[in-house]
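What follows is one structure encoded as structure tokens, with my remarks underneath.
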Amino acid sequence: MDQLDDILHQDIDPTETREWIDSLDAVIHHDGTERAHFLLERMVDTTRRSGGYLPFDPTTEYVNTIAPANEAKSPGDAAMEWRIRSLIRWNAMAMVVRANRKPGDLGGHIASFASSATLYDVGFNHFWRAPSADHPGDLVFHQGHSSPGIYARSFLEGRISQEQLDLFRMEVVGHGRGALSSYPHPWLMPDYWQVPTVSMGLGPIQAIYQAQFFKYLEHRGLVPKSDRKIWCFLGDGETDEPESLGAIALAGREKLDNLIFVINCNLQRLDGPVRGNGKIIQELEGVFRGAGWNALKVVWGSYWDPLLARDTDGTLRKLMMETVDGEYQACKAFGGAYTREHFFGKYPQTRAMVANLSDDDVWRLNRGGHDPHKVYAAYHAAVHTEGMPTVILAKTVKGYGMGLGSGESQNPTHQQKKLDDEAVRAFRDRFNIPLEDDQLKDVPYYHPGKDSEEVQYMLERRKALGGALPQRRRKADESFKAPALDAFEQITKGTGEREISTTMALVRGMNLLLRDKAIGPRVVPIVADEARTFGMEGMFRQIGIYAPFGQKYKPQDSDQLLYYREDQKGQVLQQGISEAGGMASWMAAATSYSVSNQPMLPFFIYYSMFGFQRIGDLCWAAGDMRSRGFLVGGTSGRTTLNGEGLQHEDGHSHLMSGAIPNVRSYDPTFSYEVAVVLQDGVRSMLQDQEDHYYYITVMNENYAHPDMPEGSAEGIIKGMYLFKDAGKPKKGETRVQLMGSGVILREVIAAAELLEKDFGVSADIWSCPSFSELRRDGFDAERWNRLHPEAKQRVPYITGLLEGRQGPVVAATDYVREFADQVRAFIPDGMRYTVLGTDGFGRSDTREHLRGFFEVDRYWIAHAALAALAKDGKVNAKDVARAIKEYKLDPDKPNPLTV
């Protein structure tokens, strides 16, 4: 390869080369760069058609993409904006330093915002529109570690008080007093932050699917077309996260020109260089250009323009390309003399360029991300780019302004949260903050006054852009009345002898909602491929698959009733084999009520094993941002997806979903349970606009479904109801309480029949669609009782249902034992509680064999009931032994937890 490079770059006729370059210069001068680019493309095409090998180079020189002559000029007052930016820098620093001079260890970050202050300032002053009567507003994903700077700006604007700044990261003490969350958290600051971003990598993938969803809303006619933009800020080190770059091809493929990434390339991760031995900006330029993005590099500030203009032989550009990021970091860490010697000193030509500059002048040669003129030009180009998303790669210094030796461009900078008095004084001097030396000990905030020129300028700029940012809409202007439960009669009625799965019941319920004139257009079915697996292929023809450019081919199955139909106005979002992409798409729809004032009802259907386990961080972020919608874990349970094996079998998703405070989780057995949960979710989220979302697990196992028992709806939502009452106990009768959920409830029902037939034991049967809701209710009651010892004590819902019933309680589910065991504390005193579950690795086999292996089938349930009764002295050990023999249970079989 090196030999090929030598041949390609060897100039065998310099005179001819000069003639070609002179010709190209003439074209540029006379007709412009676009004409020159066209001619070069034609020459490349001709060479390739002739058989020549021209390797593609996805990167350009290590200089700014926009030449000085082509830069759009900012209309702002540069001096005023510098003063404002300096005040914001000071107050952001002061907030973190003051917090960490208090007792305790609050943490906080100075360096990230220090490096990106200019990137935010230009956006706030000139580009980011707030929602108003005239514009839907832009959506800005702020980099999480930069939150102190955003608070500091709001402080100057009068939106945040000094008391609130002093309650930064003190959300317990400051509850109800406007405490400021550590990072962007809509759950904690519901009128301020829109999207949580500090779990690195989640912001970028969310931004991409928000941009797609904006287009989706426009193409479906739900919102008018606009020039609305999504701006996503992230760090160069953050791009190592798979979610950061994993979906950028989608943005390029769908030409999402409403999307702008701003990557703060300060060359440092949390512990050191991002690419110390390479160049992260070049790497990212190649990645994004290859994915179809417009890549704008903002590498050098204006102080470099004269040097680059004098670089007639290209030596400086060559040096810039040769220098790796680790060296660039050292140059800013060690100052001007070091930079003169170790950077410019490598070549006589470059050394001569700075011979008349002092060491301070050399050190002040600025990076592009700190130059508002360069940043404005890049932003201006980005918002006027059509047909592709834009990434701006802005080179900055981590810890900019913190001073040499106090954190600027040093490896530990990210963890810096304290500055000594000397560093604070140097910071004050560098940014010309009007505070006296004797004031600096307490690192006071500085506000120039609400009538000052600085504050008035800020407010005028925001007024011109529609109002304050960040801001969040809590509720949409319009609510939608939920259909009554009888509208779901198709799935609340029994199926007779016909067998269906709960997956089919759910899809039927979705179709019923789609037929509702008001709610139907709001339903957003989302799949990460395999819609046919979940029986959703009927939706392809009915409502179409969203395709931003329509269907440009005749589908292979066009002669069939349920053909694969793509449409620009399609309603189904088919996100390919990407659970993270499907979840981010769902989050965009689930927050549309807040972001776009358009309430939507998204359903994301996926294999449950690849849900909370695989995308759990996004699920928590969805809770944080107050998402509303349905997550549907298909083929859930350890024994229902027979034949697939270990990696596909879910026995624990409900434990993870139940841990998220505003997720309501259900594991229904029968179609009417699905109907009740669907109706309740529509009422809660679309009608009452409550801030939680639902997780429903459904199965692919077909069986007959009974009619909905009268009066069961309340119990279904609360988590438990009496499915079958064995009647008033007769004298001397042996009774047991059997509980179950999902497909294993059917095994519980069968076990009750075995107990009655073979041992004369009667059973009350309880369906428990939500052990998670029962647990929450129980602990809520327990807490209330502890705190109100003299008041009438509350009774947990499950306790009240079981009190007065006879016999031990046995619960069985298709999940690990901990799932049903989480309600043990609320089983009435004196009632023995036995839990069966599917602990261990999954297996590939028939459902019957799997349930026997995991000891949750009807025979093991009946045996567990008899064993509990024996401990209570209601049956004897011989009965238990007889059950083992008659039901062919192997006492010596391996424990499924260990094999």
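To be explicit about the labels: the chains of the structure tokens are called A, B, and onward in the order shown, and within each one the residues are counted from 1, while ligands get numbers from 1 in the order they are shown.
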
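Using only C-alpha atoms, the protein and nucleic acid residues lying no more than 6 Å from segment 242-257 of chain A, apart from those fewer than 2 places from it along its own chain, are Gly201, Pro204, Ile205, Thr239, Leu259, Ala291, Gly292, Trp293, Glu386, Gly387, Met388 and Pro389 of chain A.
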
Query raised in the report: What residues in segment 514-737 of chain A get the DSSP label strand (DSSP E)? Please answer as a ChimeraX atom specification.
Result: /A:523-527,545-546,566-567,573-574,601-607,630-634,663-666,693-697,721-724,734-737

Got time to write the residues from that selection, N, CA and C atoms, as a CSV table (one decimal), in the first residue's frame?
```csv
chain,number,residue,atom,x,y,z
A,523,VAL,N,-52.2,6.7,16.8
A,523,VAL,CA,-51.6,5.5,17.1
A,523,VAL,C,-50.3,5.3,16.2
A,524,VAL,N,-49.2,5.0,16.8
A,524,VAL,CA,-47.9,4.8,16.1
A,524,VAL,C,-47.4,3.4,16.4
A,525,PRO,N,-47.7,2.5,15.5
A,525,PRO,CA,-47.1,1.1,15.7
A,525,PRO,C,-45.6,1.2,15.3
A,526,ILE,N,-44.7,0.6,16.2
A,526,ILE,CA,-43.3,0.6,15.9
A,526,ILE,C,-42.8,-0.8,16.1
A,527,VAL,N,-42.0,-1.2,15.1
A,527,VAL,CA,-41.4,-2.6,15.2
A,527,VAL,C,-39.9,-2.5,14.9
A,545,ILE,N,-46.4,1.4,5.8
A,545,ILE,CA,-45.1,1.6,6.5
A,545,ILE,C,-44.6,2.9,6.1
A,546,TYR,N,-44.2,3.7,7.1
A,546,TYR,CA,-43.7,5.1,6.8
A,546,TYR,C,-42.4,5.0,6.0
A,566,GLU,N,-45.1,0.5,1.4
A,566,GLU,CA,-44.5,1.6,2.0
A,566,GLU,C,-45.1,2.9,1.4
A,567,ASP,N,-45.2,3.9,2.3
A,567,ASP,CA,-45.9,5.2,1.8
A,567,ASP,C,-45.3,6.3,2.6
A,573,LEU,N,-43.9,2.5,11.9
A,573,LEU,CA,-42.5,2.8,11.8
A,573,LEU,C,-41.7,1.5,11.9
A,574,GLN,N,-41.2,1.1,10.8
A,574,GLN,CA,-40.4,-0.2,10.7
A,574,GLN,C,-38.9,0.2,10.8
A,601,LEU,N,-49.9,8.0,20.5
A,601,LEU,CA,-50.0,6.8,21.3
A,601,LEU,C,-49.1,5.7,20.6
A,602,PRO,N,-47.9,5.7,21.0
A,602,PRO,CA,-47.0,4.7,20.3
A,602,PRO,C,-47.0,3.4,21.0
A,603,PHE,N,-46.9,2.3,20.1
A,603,PHE,CA,-46.7,1.0,20.6
A,603,PHE,C,-45.4,0.4,20.0
A,604,PHE,N,-44.5,0.1,20.8
A,604,PHE,CA,-43.2,-0.5,20.4
A,604,PHE,C,-43.3,-2.0,20.7
A,605,ILE,N,-43.3,-2.8,19.7
A,605,ILE,CA,-43.5,-4.3,19.9
A,605,ILE,C,-42.1,-5.0,19.6
A,606,TYR,N,-41.6,-5.8,20.5
A,606,TYR,CA,-40.3,-6.4,20.3
A,606,TYR,C,-40.3,-7.7,21.1
A,607,TYR,N,-39.3,-8.5,20.8
A,607,TYR,CA,-39.0,-9.7,21.7
A,607,TYR,C,-38.6,-9.2,23.1
A,630,PHE,N,-47.1,2.6,25.0
A,630,PHE,CA,-47.0,1.2,25.4
A,630,PHE,C,-45.7,0.6,24.8
A,631,LEU,N,-45.0,-0.1,25.7
A,631,LEU,CA,-44.0,-1.0,25.3
A,631,LEU,C,-44.5,-2.4,25.4
A,632,VAL,N,-44.4,-3.2,24.4
A,632,VAL,CA,-45.0,-4.5,24.3
A,632,VAL,C,-43.8,-5.6,24.2
A,633,GLY,N,-43.6,-6.3,25.2
A,633,GLY,CA,-42.6,-7.4,25.2
A,633,GLY,C,-43.2,-8.7,24.6
A,634,GLY,N,-42.9,-9.0,23.4
A,634,GLY,CA,-43.6,-10.2,22.7
A,634,GLY,C,-42.9,-11.5,23.1
A,663,VAL,N,-43.3,3.3,35.4
A,663,VAL,CA,-43.7,2.3,34.4
A,663,VAL,C,-44.7,1.4,35.1
A,664,ARG,N,-45.8,1.2,34.4
A,664,ARG,CA,-46.9,0.3,34.9
A,664,ARG,C,-46.8,-1.0,34.1
A,665,SER,N,-46.5,-2.1,34.8
A,665,SER,CA,-46.1,-3.4,34.1
A,665,SER,C,-47.2,-4.4,34.3
A,666,TYR,N,-47.6,-5.1,33.2
A,666,TYR,CA,-48.6,-6.1,33.2
A,666,TYR,C,-48.3,-7.3,32.4
A,693,TYR,N,-45.7,5.3,31.6
A,693,TYR,CA,-45.9,4.5,30.4
A,693,TYR,C,-46.1,3.1,30.8
A,694,TYR,N,-46.6,2.3,29.9
A,694,TYR,CA,-47.1,0.9,30.2
A,694,TYR,C,-46.2,-0.1,29.6
A,695,TYR,N,-45.9,-1.2,30.3
A,695,TYR,CA,-45.2,-2.3,29.7
A,695,TYR,C,-46.1,-3.5,29.8
A,696,ILE,N,-46.4,-4.1,28.7
A,696,ILE,CA,-47.3,-5.3,28.6
A,696,ILE,C,-46.5,-6.4,28.0
A,697,THR,N,-46.5,-7.6,28.6
A,697,THR,CA,-45.9,-8.8,28.0
A,697,THR,C,-47.0,-9.6,27.4
A,721,TYR,N,-57.1,-10.2,40.8
A,721,TYR,CA,-58.5,-10.4,41.0
A,721,TYR,C,-58.8,-11.9,41.1
A,722,LEU,N,-60.0,-12.2,41.7
A,722,LEU,CA,-60.4,-13.6,41.9
A,722,LEU,C,-60.9,-14.2,40.6
A,723,PHE,N,-60.2,-15.0,40.0
A,723,PHE,CA,-60.6,-15.6,38.7
A,723,PHE,C,-61.6,-16.7,38.9
A,724,LYS,N,-61.4,-17.5,40.0
A,724,LYS,CA,-62.3,-18.6,40.3
A,724,LYS,C,-62.4,-18.8,41.8
A,734,THR,N,-60.3,-29.0,52.8
A,734,THR,CA,-58.9,-28.5,52.6
A,734,THR,C,-58.9,-27.5,51.5
A,735,ARG,N,-58.3,-26.3,51.7
A,735,ARG,CA,-58.4,-25.3,50.7
A,735,ARG,C,-56.9,-24.7,50.5
A,736,VAL,N,-56.7,-24.3,49.3
A,736,VAL,CA,-55.4,-23.6,48.9
A,736,VAL,C,-55.7,-22.4,48.1
A,737,GLN,N,-54.8,-21.4,48.1
A,737,GLN,CA,-54.9,-20.2,47.3
A,737,GLN,C,-53.8,-20.3,46.2
```

Report task. Return the single residue from A:Leu319, A:Leu222, A:Ile433, A:Val595 that is closest to Ala207 of chain A, with distances computed using only C-alpha atoms. Result ->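 Looking only at the distances to Ala207 of chain A, the closest residue turns out to be A:Val595.
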
Query - atom CA of Val816 of chain A to atom CA of His652 of chain A, distance in Å rounded to a single decimal - result: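 About the pair atom CA of Val816 of chain A and atom CA of His652 of chain A: they are 6.1 Å apart.
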
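Excluding Leu119 of chain A itself and same-chain residues fewer than 5 positions from it, the residues having an atom within 8 Å of it are Gly369, His370, Pro372 and Val375 of chain A, counting only C-alpha atoms.
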
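A straight line drawn from atom CA of Tyr563 of chain A to atom CA of Pro548 of chain A is 18.7 Å long.
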
Report task. Pick out the residues sitting within 9 Å of Ala868 of chain A, and hand them over as a PyMOL selection string; count only C-alpha atoms, and ignore anything fewer than 4 positions along from it in its own chain. Result -> chain A and resi 736+807-810+832-834+863-864+872-875

Quick one: contact table of segment 125-227 of chain A to segment 456-468 of chain A, 9 Å max, nearest atom pair and distance in Å to one decimal per residue, counting only C-alpha atoms, chain and number order, as a tab-separated table?
```
residue	atom	partner	partner_atom	distance
A:Asn125	CA	A:Arg461	CA	5.6
A:His126	CA	A:Arg461	CA	7.1
A:Phe127	CA	A:Leu465	CA	7.4
A:Trp128	CA	A:Leu465	CA	6.7
A:Arg129	CA	A:Leu465	CA	4.7
A:Ala130	CA	A:Gly466	CA	4.8
A:Pro131	CA	A:Gly466	CA	6.4
A:Ser132	CA	A:Gly466	CA	5.6
A:Ala133	CA	A:Gly466	CA	8.6
A:Asp134	CA	A:Gly466	CA	8.1
A:His135	CA	A:Gly466	CA	7.8
A:Gly137	CA	A:Gly466	CA	7.9
A:Ser154	CA	A:Ala468	CA	8.5
A:Leu156	CA	A:Met458	CA	8.4
A:Glu157	CA	A:Leu459	CA	6.6
A:Arg159	CA	A:Ala468	CA	8.6
```
